[in-house]
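One file, coords_12.csv, is given below (CSV, C-alpha atoms).
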chain,number,residue,atom,x,y,z
A,103,MET,CA,-75.7,83.6,22.7
A,104,GLU,CA,-76.3,79.9,23.5
A,105,GLN,CA,-79.7,78.7,24.4
A,106,ALA,CA,-80.9,80.7,27.4
A,107,LYS,CA,-80.6,78.8,30.7
A,108,LYS,CA,-83.2,79.4,33.4
A,109,THR,CA,-81.0,78.2,36.3
A,110,ALA,CA,-77.5,77.1,37.1
A,111,ALA,CA,-76.7,73.4,37.1
A,112,TYR,CA,-78.4,71.6,40.0
A,113,ARG,CA,-79.1,68.4,41.8
A,114,VAL,CA,-82.3,67.8,43.8
A,115,ILE,CA,-82.6,65.8,47.0
A,116,THR,CA,-86.1,64.7,48.1
A,117,ASP,CA,-86.6,64.1,51.8
A,118,SER,CA,-89.1,61.6,53.4
A,119,GLY,CA,-91.6,64.4,54.0
A,120,GLY,CA,-91.8,65.4,50.4
A,121,GLY,CA,-89.6,68.5,50.6
A,122,ARG,CA,-87.0,69.1,47.9
A,123,THR,CA,-83.6,70.5,48.6
A,124,PHE,CA,-81.7,72.0,45.6
A,125,ARG,CA,-78.0,72.2,45.3
A,126,PHE,CA,-76.9,74.7,42.6
A,127,TYR,CA,-73.5,74.5,41.0
A,128,CYS,CA,-71.3,76.9,39.0
A,129,ASP,CA,-71.8,76.1,35.3
A,130,ILE,CA,-68.1,76.2,34.6
A,131,SER,CA,-66.2,74.9,37.6
A,132,GLY,CA,-68.9,72.8,39.2
A,133,GLU,CA,-68.4,74.6,42.5
A,134,LEU,CA,-71.3,74.3,44.9
A,135,CYS,CA,-72.7,77.8,45.4
A,136,CYS,CA,-76.0,77.4,47.1
A,137,VAL,CA,-77.9,74.7,49.1
A,138,THR,CA,-81.6,75.7,49.5
A,139,LYS,CA,-83.8,74.9,52.4
A,140,PRO,CA,-86.4,72.1,51.7
A,141,ILE,CA,-89.2,73.4,49.5
A,142,ARG,CA,-92.6,71.9,49.1
A,143,ALA,CA,-94.4,72.2,45.8
A,144,ASP,CA,-96.7,70.1,43.6
A,145,THR,CA,-94.1,69.5,41.0
A,146,GLU,CA,-90.3,69.5,40.8
A,147,ALA,CA,-90.4,72.3,38.2
A,148,ALA,CA,-92.4,74.5,40.5
A,149,ALA,CA,-90.1,73.8,43.4
A,150,LEU,CA,-87.1,74.5,41.3
A,151,GLU,CA,-88.5,77.9,40.2
A,152,MET,CA,-89.2,78.8,43.9
A,153,ALA,CA,-85.7,77.6,45.0
A,154,TRP,CA,-84.0,79.5,42.2
A,155,GLU,CA,-85.9,82.8,42.6
A,156,GLN,CA,-85.8,82.8,46.4
A,157,GLU,CA,-82.3,81.6,47.1
A,158,GLY,CA,-80.2,80.3,44.2
A,159,LYS,CA,-80.2,83.3,41.9
A,160,ARG,CA,-78.5,85.6,44.3
A,161,GLN,CA,-75.4,83.4,44.6
A,162,PHE,CA,-74.6,83.5,40.9
A,163,ASN,CA,-73.4,85.8,38.2
A,164,ARG,CA,-75.0,85.5,34.8
A,165,CYS,CA,-72.7,85.9,31.8
A,166,ASP,CA,-73.9,88.6,29.4
A,167,ARG,CA,-72.4,86.8,26.5
A,168,CYS,CA,-73.2,83.0,26.9
A,169,GLY,CA,-75.9,83.2,29.5
A,170,ARG,CA,-74.4,80.7,31.9
A,171,PHE,CA,-74.6,81.1,35.7
A,172,VAL,CA,-71.2,81.1,37.3
A,173,SER,CA,-69.6,81.6,40.8
A,174,SER,CA,-68.0,84.9,41.6
A,175,ALA,CA,-64.6,83.2,41.2
A,176,MET,CA,-65.3,82.4,37.6
A,177,PHE,CA,-66.7,85.8,36.7
A,178,ASN,CA,-64.9,88.7,35.2
A,179,VAL,CA,-66.5,91.8,36.8
A,180,ASN,CA,-64.7,94.1,34.4
A,181,ALA,CA,-66.2,92.6,31.4
A,182,GLU,CA,-69.5,91.4,33.0
A,183,CYS,CA,-68.8,87.9,31.5
A,184,CYS,CA,-67.7,84.5,32.7
A,185,LEU,CA,-64.0,83.7,32.5
A,186,ASP,CA,-64.6,81.4,29.5
A,187,CYS,CA,-65.9,84.4,27.5
A,188,ALA,CA,-63.5,87.0,29.0
A,189,PRO,CA,-60.3,85.7,30.6
A,190,TRP,CA,-58.6,88.0,33.1
A,191,GLU,CA,-56.4,90.6,31.4
A,192,ASP,CA,-54.2,93.2,32.9
A,193,GLU,CA,-56.2,96.4,33.1
A,194,TYR,CA,-53.1,98.3,32.0
A,195,PRO,CA,-51.3,96.1,29.4
A,196,SER,CA,-47.6,96.7,28.8
A,197,PHE,CA,-47.8,95.6,25.1
A,198,CYS,CA,-50.3,95.9,22.4
A,199,HIS,CA,-52.0,92.5,21.9
A,200,HIS,CA,-52.3,93.1,18.1
A,201,CYS,CA,-48.9,94.5,17.0
A,202,GLY,CA,-46.7,93.9,20.0
A,203,ALA,CA,-45.7,97.5,20.4
A,204,ARG,CA,-44.5,98.5,23.9
A,205,LEU,CA,-47.1,100.9,25.3
A,206,ARG,CA,-45.8,104.1,26.9
A,207,GLU,CA,-49.2,105.4,28.2
A,208,PRO,CA,-50.3,102.8,30.7
A,209,ASP,CA,-54.0,103.8,30.6
A,210,ALA,CA,-54.2,104.4,26.8
A,211,CYS,CA,-57.4,103.1,25.2
A,212,PHE,CA,-55.9,102.5,21.8
A,213,CYS,CA,-52.5,101.3,20.6
A,214,PRO,CA,-50.6,104.4,19.2
A,215,VAL,CA,-49.0,102.2,16.5
A,216,CYS,CA,-51.9,100.1,15.0
A,217,GLY,CA,-55.0,101.6,16.7
A,218,ALA,CA,-56.2,98.4,18.3
A,219,LYS,CA,-58.5,98.8,21.4
A,220,LEU,CA,-56.6,98.0,24.6
A,221,GLN,CA,-59.2,98.0,27.3
A,222,VAL,CA,-60.4,94.9,29.2
A,223,GLY,CA,-63.4,93.1,27.9
A,224,VAL,CA,-63.4,94.5,24.4
A,225,THR,CA,-60.6,92.6,22.8
A,226,ASP,CA,-62.3,89.2,22.7
A,227,GLY,CA,-64.0,87.8,19.6
A,228,LYS,CA,-63.0,90.3,16.9
A,229,GLU,CA,-60.1,92.3,15.7
A,230,GLU,CA,-60.3,96.0,16.3
A,231,ALA,CA,-57.2,97.2,14.6
A,232,LYS,CA,-57.8,99.9,12.0
B,1338,MET,CA,-52.1,109.3,35.1
B,1339,THR,CA,-48.7,109.1,36.9
B,1340,ASP,CA,-47.0,105.9,37.9
B,1341,TYR,CA,-47.9,106.5,41.5
B,1342,ASP,CA,-51.6,106.9,40.6
B,1343,LEU,CA,-51.5,103.8,38.5
B,1344,ARG,CA,-49.9,101.7,41.3
B,1345,ILE,CA,-52.5,103.0,43.8
B,1346,ARG,CA,-55.3,102.2,41.4
B,1347,GLN,CA,-54.0,98.7,40.8
B,1348,ALA,CA,-53.6,98.1,44.5
B,1349,LEU,CA,-57.1,99.2,45.2
B,1350,HIS,CA,-58.4,97.0,42.4
B,1351,ARG,CA,-56.6,94.0,43.8
B,1352,VAL,CA,-58.0,94.6,47.4
B,1353,THR,CA,-61.5,94.8,46.0
B,1354,LEU,CA,-61.0,91.6,44.0
B,1355,LEU,CA,-59.7,89.8,47.1
B,1356,GLU,CA,-62.4,91.1,49.4
B,1357,TYR,CA,-65.2,90.1,47.1
B,1358,GLY,CA,-63.8,86.7,46.2
B,1359,PHE,CA,-62.9,86.9,42.6
B,1360,GLY,CA,-59.9,87.4,40.4
B,1361,PRO,CA,-56.8,85.2,39.8
B,1362,GLU,CA,-55.7,85.3,43.4
B,1363,THR,CA,-59.0,83.8,44.6
B,1364,LEU,CA,-58.7,81.1,41.9
B,1365,ARG,CA,-55.2,80.2,43.1
B,1366,ARG,CA,-56.5,79.7,46.6
B,1367,ARG,CA,-59.3,77.3,45.8
B,1368,LYS,CA,-59.9,73.7,44.8
B,1369,VAL,CA,-63.3,72.3,44.0
B,1370,CYS,CA,-64.3,68.9,45.3
B,1371,PRO,CA,-65.1,66.7,42.3
B,1372,VAL,CA,-67.6,64.7,44.4
B,1373,CYS,CA,-69.7,67.3,46.3
B,1374,GLY,CA,-68.6,70.6,44.7
B,1375,LYS,CA,-67.5,72.4,47.8
B,1376,ALA,CA,-64.8,75.0,47.4
B,1377,ASN,CA,-61.8,74.1,49.6
B,1378,SER,CA,-58.6,75.9,50.4
B,1379,ALA,CA,-55.8,75.0,48.0
B,1380,ASP,CA,-53.6,73.6,50.7
B,1381,ARG,CA,-56.1,70.8,51.6
B,1382,THR,CA,-55.8,67.3,50.3
B,1383,ASN,CA,-59.2,66.1,51.3
B,1384,CYS,CA,-62.6,67.8,51.1
B,1385,ALA,CA,-63.7,69.5,54.3
B,1386,ASP,CA,-67.3,68.3,53.7
B,1387,CYS,CA,-67.3,64.8,52.2
B,1388,GLY,CA,-63.6,63.7,52.7
B,1389,ALA,CA,-63.0,62.9,49.1
B,1390,VAL,CA,-59.5,63.3,47.8
B,1391,LEU,CA,-59.1,66.7,46.1
B,1392,PRO,CA,-57.3,67.1,42.8
B,1393,GLU,CA,-53.9,68.7,42.6
B,1394,MET,CA,-55.3,71.3,40.2
B,1395,THR,CA,-56.5,74.6,41.7
B,1396,LEU,CA,-59.3,76.7,40.1
B,1397,TYR,CA,-56.5,78.8,38.6
B,1398,ASP,CA,-55.0,75.7,36.9
B,1399,PHE,CA,-58.5,74.8,35.7
B,1400,TYR,CA,-59.1,78.3,34.4
B,1401,ARG,CA,-55.7,78.3,32.5
B,1402,SER,CA,-56.4,74.9,31.0
B,1403,ARG,CA,-59.4,76.4,29.3
B,1404,HIS,CA,-57.6,79.2,27.6
B,1405,ARG,CA,-54.7,80.1,25.4
B,1406,CYS,CA,-51.8,81.1,27.5
B,1407,CYS,CA,-48.6,83.0,26.8
B,1408,PRO,CA,-45.7,80.6,26.5
B,1409,GLY,CA,-43.4,83.3,27.9
B,1410,CYS,CA,-45.2,84.4,31.1
B,1411,GLY,CA,-48.1,82.1,31.3
B,1412,VAL,CA,-51.0,84.6,31.5
B,1413,ALA,CA,-54.3,83.8,29.8
B,1414,VAL,CA,-54.8,85.8,26.6
B,1415,THR,CA,-57.8,86.3,24.3
B,1416,ASN,CA,-58.3,84.3,21.1
B,1417,VAL,CA,-57.5,87.3,19.0
B,1418,ALA,CA,-54.3,88.3,20.6
B,1419,ARG,CA,-51.1,88.1,18.5
B,1420,TYR,CA,-48.8,89.3,21.2
B,1421,CYS,CA,-48.9,88.8,25.0
B,1422,PRO,CA,-50.1,92.1,26.6
B,1423,GLU,CA,-48.0,91.3,29.6
B,1424,CYS,CA,-44.6,90.4,28.3
B,1425,GLY,CA,-44.8,91.1,24.5
B,1426,THR,CA,-44.0,87.6,23.4
B,1427,ARG,CA,-45.3,86.7,19.9
B,1428,LEU,CA,-48.0,84.2,20.4
B,1429,PRO,CA,-48.5,81.0,18.4
B,1430,LYS,CA,-51.9,80.6,16.8
B,1431,GLY,CA,-54.3,79.5,19.5
B,1432,ALA,CA,-56.4,76.4,19.8
B,1433,ALA,CA,-60.1,76.7,20.3
B,1434,ARG,CA,-61.3,76.9,23.9
B,1435,ARG,CA,-62.7,73.9,25.6
B,1436,GLU,CA,-66.3,73.3,26.4
B,1437,ALA,CA,-67.7,73.4,29.9
B,1438,VAL,CA,-67.4,70.2,31.9
B,1439,VAL,CA,-70.7,70.5,33.8

Same coordinates, now as structure tokens:
Amino acid sequence: MEQAKKTAAYRVITDSGGGRTFRFYCDISGELCCVTKPIRADTEAAALEMAWEQEGKRQFNRCDRCGRFVSSAMFNVNAECCLDCAPWEDEYPSFCHHCGARLREPDACFCPVCGAKLQVGVTDGKEEAK
Amino acid sequence: MTDYDLRIRQALHRVTLLEYGFGPETLRRRKVCPVCGKANSADRTNCADCGAVLPEMTLYDFYRSRHRCCPGCGVAVTNVARYCPECGTRLPKGAARREAVV
């Protein structure tokens, strides 16, 4: 896993009264996912922590693999990872990704020819064929 | 699982994806403003919030640009795939994925 991030990417806007408004963005697409209400705190770090815990965190999905915070659009709920780590795959593939054999059982977990795992979210990063 | 069960399950899965705002269909319907970050409908040419000109590229195009894709049917495939799980096309050896832009 990459260095753990505490919050999503953000910009801070300080108003004339000293309040800080945070705008949190998806770490992959840059989509604006949350604009907080103005927060007053002694330091920017303290305000950021409050903004993230109270409002920002709920609008994001944290990737289990790389630790980035992403919008729902850029999150693969089947694999609990961001789309960079786990691109969308058909839940019921027609062909084995490893040997190319046509699959006759649509919900099979393993390829009957080479034994590769076929389910979503487990085919990324290493070969499973036996 | 019968073909009918499979189709029902796929349809329910699709409805859930659409309802909760994720999945390839959601990506196809969105563009992100490069200036303010607002998610706009794919048919817009200017951002609804700041008025900036939106790129042609939808979130789906952006997503595909970051992955290996099957030259036959275009779906994104994992780095380890040798054959497309959708259409069975033999895949060329993939390039490394790109880094995040943010």

Spatial neighbours of Ala175 of chain A, 7 Å, all atoms listed in the file, chain gap at least 5 places, as a ChimeraX atom specification: /B:1358-1360,1363-1364

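Atom CA of Asn178 of chain A to atom CA of Glu1362 of chain B spans 12.8 Å [interatomic distance, one decimal].
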
Contact residues around Trp154 of chain A with all atoms listed in the file at 9 Å, ignoring same-chain residues under 2 positions, as a PyMOL selection string: chain A and resi 108-110+124+126+138+149-152+156-160

Contacts between chain A and chain B, please, where a residue of chain B counts if it comes within 6 Å (with all atoms listed in the file); show its shortest atom pair and distance in Å to one decimal, rows by chain and ascending number, as CSV.
residue,atom,partner,partner_atom,distance
B:Phe1359,CA,A:Ala175,CA,4.3
B:Val1369,CA,A:Glu133,CA,5.8
B:Gly1374,CA,A:Glu133,CA,4.6
B:Lys1375,CA,A:Leu134,CA,5.1
B:Thr1415,CA,A:Asp226,CA,5.6
B:Ala1418,CA,A:His199,CA,5.0
B:Arg1419,CA,A:His200,CA,5.2
B:Tyr1420,CA,A:His199,CA,4.6
B:Cys1421,CA,A:His199,CA,5.7
B:Pro1422,CA,A:Phe197,CA,4.4
B:Glu1423,CA,A:Ser196,CA,5.5
B:Gly1425,CA,A:Phe197,CA,5.4
B:Ala1437,CA,A:Ile130,CA,5.5
B:Val1439,CA,A:Asp129,CA,5.9

Contact residues around Arg164 of chain A with all atoms listed in the file at 9 Å, ignoring same-chain residues under 5 positions, as a PyMOL selection string: chain A and resi 169-173+177+182-184

Residues near Thr1382 of chain B, cut-off 12 Å, all atoms listed in the file, skip fewer than 5 positions along chain, as an mmCIF file with C-alpha atoms, keeping the file's coordinate frame:
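Full text of around32.cif as output:
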data_model
loop_
_atom_site.group_PDB
_atom_site.id
_atom_site.type_symbol
_atom_site.label_atom_id
_atom_site.label_comp_id
_atom_site.auth_asym_id
_atom_site.auth_seq_id
_atom_site.Cartn_x
_atom_site.Cartn_y
_atom_site.Cartn_z
ATOM 1 C CA ARG B 1367 -59.300 77.300 45.800
ATOM 2 C CA LYS B 1368 -59.900 73.700 44.800
ATOM 3 C CA VAL B 1369 -63.300 72.300 44.000
ATOM 4 C CA CYS B 1370 -64.300 68.900 45.300
ATOM 5 C CA ASN B 1377 -61.800 74.100 49.600
ATOM 6 C CA CYS B 1387 -67.300 64.800 52.200
ATOM 7 C CA GLY B 1388 -63.600 63.700 52.700
ATOM 8 C CA ALA B 1389 -63.000 62.900 49.100
ATOM 9 C CA VAL B 1390 -59.500 63.300 47.800
ATOM 10 C CA LEU B 1391 -59.100 66.700 46.100
ATOM 11 C CA PRO B 1392 -57.300 67.100 42.800
ATOM 12 C CA GLU B 1393 -53.900 68.700 42.600
ATOM 13 C CA MET B 1394 -55.300 71.300 40.200
ATOM 14 C CA THR B 1395 -56.500 74.600 41.700
#

Distance in Å - atom CA of Thr145 of chain A versus atom CA of Ser118 of chain A: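 Separating atom CA of Thr145 of chain A from atom CA of Ser118 of chain A is a distance of 15.5 Å.
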
Atom CA of Asp144 of chain A to atom CA of Cys1373 of chain B, distance in Å rounded to a single decimal: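 Atom-to-atom, atom CA of Asp144 of chain A and atom CA of Cys1373 of chain B are spaced 27.3 Å apart.
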
Complete segment 128-139 of chain A at the level of all heavy atoms, written as an mmCIF file, in the coordinates of the input.
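File rebuild.cif, as written:
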data_model
loop_
_atom_site.group_PDB
_atom_site.id
_atom_site.type_symbol
_atom_site.label_atom_id
_atom_site.label_comp_id
_atom_site.auth_asym_id
_atom_site.auth_seq_id
_atom_site.Cartn_x
_atom_site.Cartn_y
_atom_site.Cartn_z
ATOM 1 N N CYS A 128 -71.885 76.012 40.002
ATOM 2 C CA CYS A 128 -71.300 76.900 39.000
ATOM 3 C C CYS A 128 -71.301 76.123 37.625
ATOM 4 O O CYS A 128 -70.859 74.971 37.576
ATOM 5 C CB CYS A 128 -69.913 77.307 39.349
ATOM 6 S SG CYS A 128 -68.995 78.126 38.036
ATOM 7 N N ASP A 129 -71.762 76.764 36.559
ATOM 8 C CA ASP A 129 -71.800 76.100 35.300
ATOM 9 C C ASP A 129 -70.476 75.822 34.639
ATOM 10 O O ASP A 129 -70.375 75.041 33.688
ATOM 11 C CB ASP A 129 -72.645 76.978 34.279
ATOM 12 C CG ASP A 129 -74.144 76.853 34.508
ATOM 13 O OD1 ASP A 129 -74.580 75.838 35.075
ATOM 14 O OD2 ASP A 129 -74.883 77.780 34.120
ATOM 15 N N ILE A 130 -69.433 76.460 35.123
ATOM 16 C CA ILE A 130 -68.100 76.200 34.600
ATOM 17 C C ILE A 130 -67.281 75.285 35.457
ATOM 18 O O ILE A 130 -66.799 74.239 35.027
ATOM 19 C CB ILE A 130 -67.329 77.527 34.355
ATOM 20 C CG1 ILE A 130 -68.025 78.386 33.316
ATOM 21 C CG2 ILE A 130 -65.892 77.235 33.904
ATOM 22 C CD1 ILE A 130 -67.366 79.736 33.097
ATOM 23 N N SER A 131 -67.124 75.670 36.717
ATOM 24 C CA SER A 131 -66.200 74.900 37.600
ATOM 25 C C SER A 131 -66.869 73.790 38.343
ATOM 26 O O SER A 131 -66.183 72.928 38.876
ATOM 27 C CB SER A 131 -65.564 75.887 38.596
ATOM 28 O OG SER A 131 -66.537 76.352 39.515
ATOM 29 N N GLY A 132 -68.186 73.789 38.432
ATOM 30 C CA GLY A 132 -68.900 72.800 39.200
ATOM 31 C C GLY A 132 -68.888 73.071 40.700
ATOM 32 O O GLY A 132 -69.297 72.227 41.501
ATOM 33 N N GLU A 133 -68.448 74.277 41.093
ATOM 34 C CA GLU A 133 -68.400 74.600 42.500
ATOM 35 C C GLU A 133 -69.830 74.758 43.065
ATOM 36 O O GLU A 133 -70.706 75.352 42.436
ATOM 37 C CB GLU A 133 -67.678 75.970 42.685
ATOM 38 C CG GLU A 133 -67.642 76.448 44.119
ATOM 39 C CD GLU A 133 -66.953 77.806 44.256
ATOM 40 O OE1 GLU A 133 -66.195 78.197 43.340
ATOM 41 O OE2 GLU A 133 -67.177 78.463 45.284
ATOM 42 N N LEU A 134 -70.036 74.178 44.249
ATOM 43 C CA LEU A 134 -71.300 74.300 44.900
ATOM 44 C C LEU A 134 -71.470 75.706 45.463
ATOM 45 O O LEU A 134 -70.678 76.141 46.301
ATOM 46 C CB LEU A 134 -71.394 73.279 46.074
ATOM 47 C CG LEU A 134 -72.647 73.305 46.948
ATOM 48 C CD1 LEU A 134 -73.882 72.934 46.141
ATOM 49 C CD2 LEU A 134 -72.481 72.349 48.127
ATOM 50 N N CYS A 135 -72.492 76.411 45.005
ATOM 51 C CA CYS A 135 -72.700 77.800 45.400
ATOM 52 C C CYS A 135 -73.865 78.034 46.300
ATOM 53 O O CYS A 135 -73.946 79.043 46.991
ATOM 54 C CB CYS A 135 -72.794 78.708 44.175
ATOM 55 S SG CYS A 135 -71.328 78.751 43.142
ATOM 56 N N CYS A 136 -74.840 77.123 46.277
ATOM 57 C CA CYS A 136 -76.000 77.400 47.100
ATOM 58 C C CYS A 136 -76.728 76.026 47.383
ATOM 59 O O CYS A 136 -76.904 75.197 46.498
ATOM 60 C CB CYS A 136 -77.006 78.259 46.293
ATOM 61 S SG CYS A 136 -78.574 78.542 47.131
ATOM 62 N N VAL A 137 -77.090 75.855 48.659
ATOM 63 C CA VAL A 137 -77.900 74.700 49.100
ATOM 64 C C VAL A 137 -79.194 75.339 49.661
ATOM 65 O O VAL A 137 -79.123 76.081 50.639
ATOM 66 C CB VAL A 137 -77.234 73.848 50.126
ATOM 67 C CG1 VAL A 137 -78.139 72.681 50.522
ATOM 68 C CG2 VAL A 137 -75.900 73.341 49.605
ATOM 69 N N THR A 138 -80.333 75.058 49.067
ATOM 70 C CA THR A 138 -81.600 75.700 49.500
ATOM 71 C C THR A 138 -82.171 74.956 50.711
ATOM 72 O O THR A 138 -81.827 73.797 50.965
ATOM 73 C CB THR A 138 -82.626 75.744 48.411
ATOM 74 O OG1 THR A 138 -83.055 74.411 48.122
ATOM 75 C CG2 THR A 138 -82.062 76.392 47.149
ATOM 76 N N LYS A 139 -83.073 75.611 51.394
ATOM 77 C CA LYS A 139 -83.800 74.900 52.400
ATOM 78 C C LYS A 139 -84.870 74.017 51.717
ATOM 79 O O LYS A 139 -85.174 74.253 50.533
ATOM 80 C CB LYS A 139 -84.506 75.901 53.356
ATOM 81 C CG LYS A 139 -85.459 76.877 52.698
ATOM 82 C CD LYS A 139 -86.027 77.815 53.736
ATOM 83 C CE LYS A 139 -87.077 78.730 53.136
ATOM 84 N NZ LYS A 139 -86.538 79.835 52.377
#
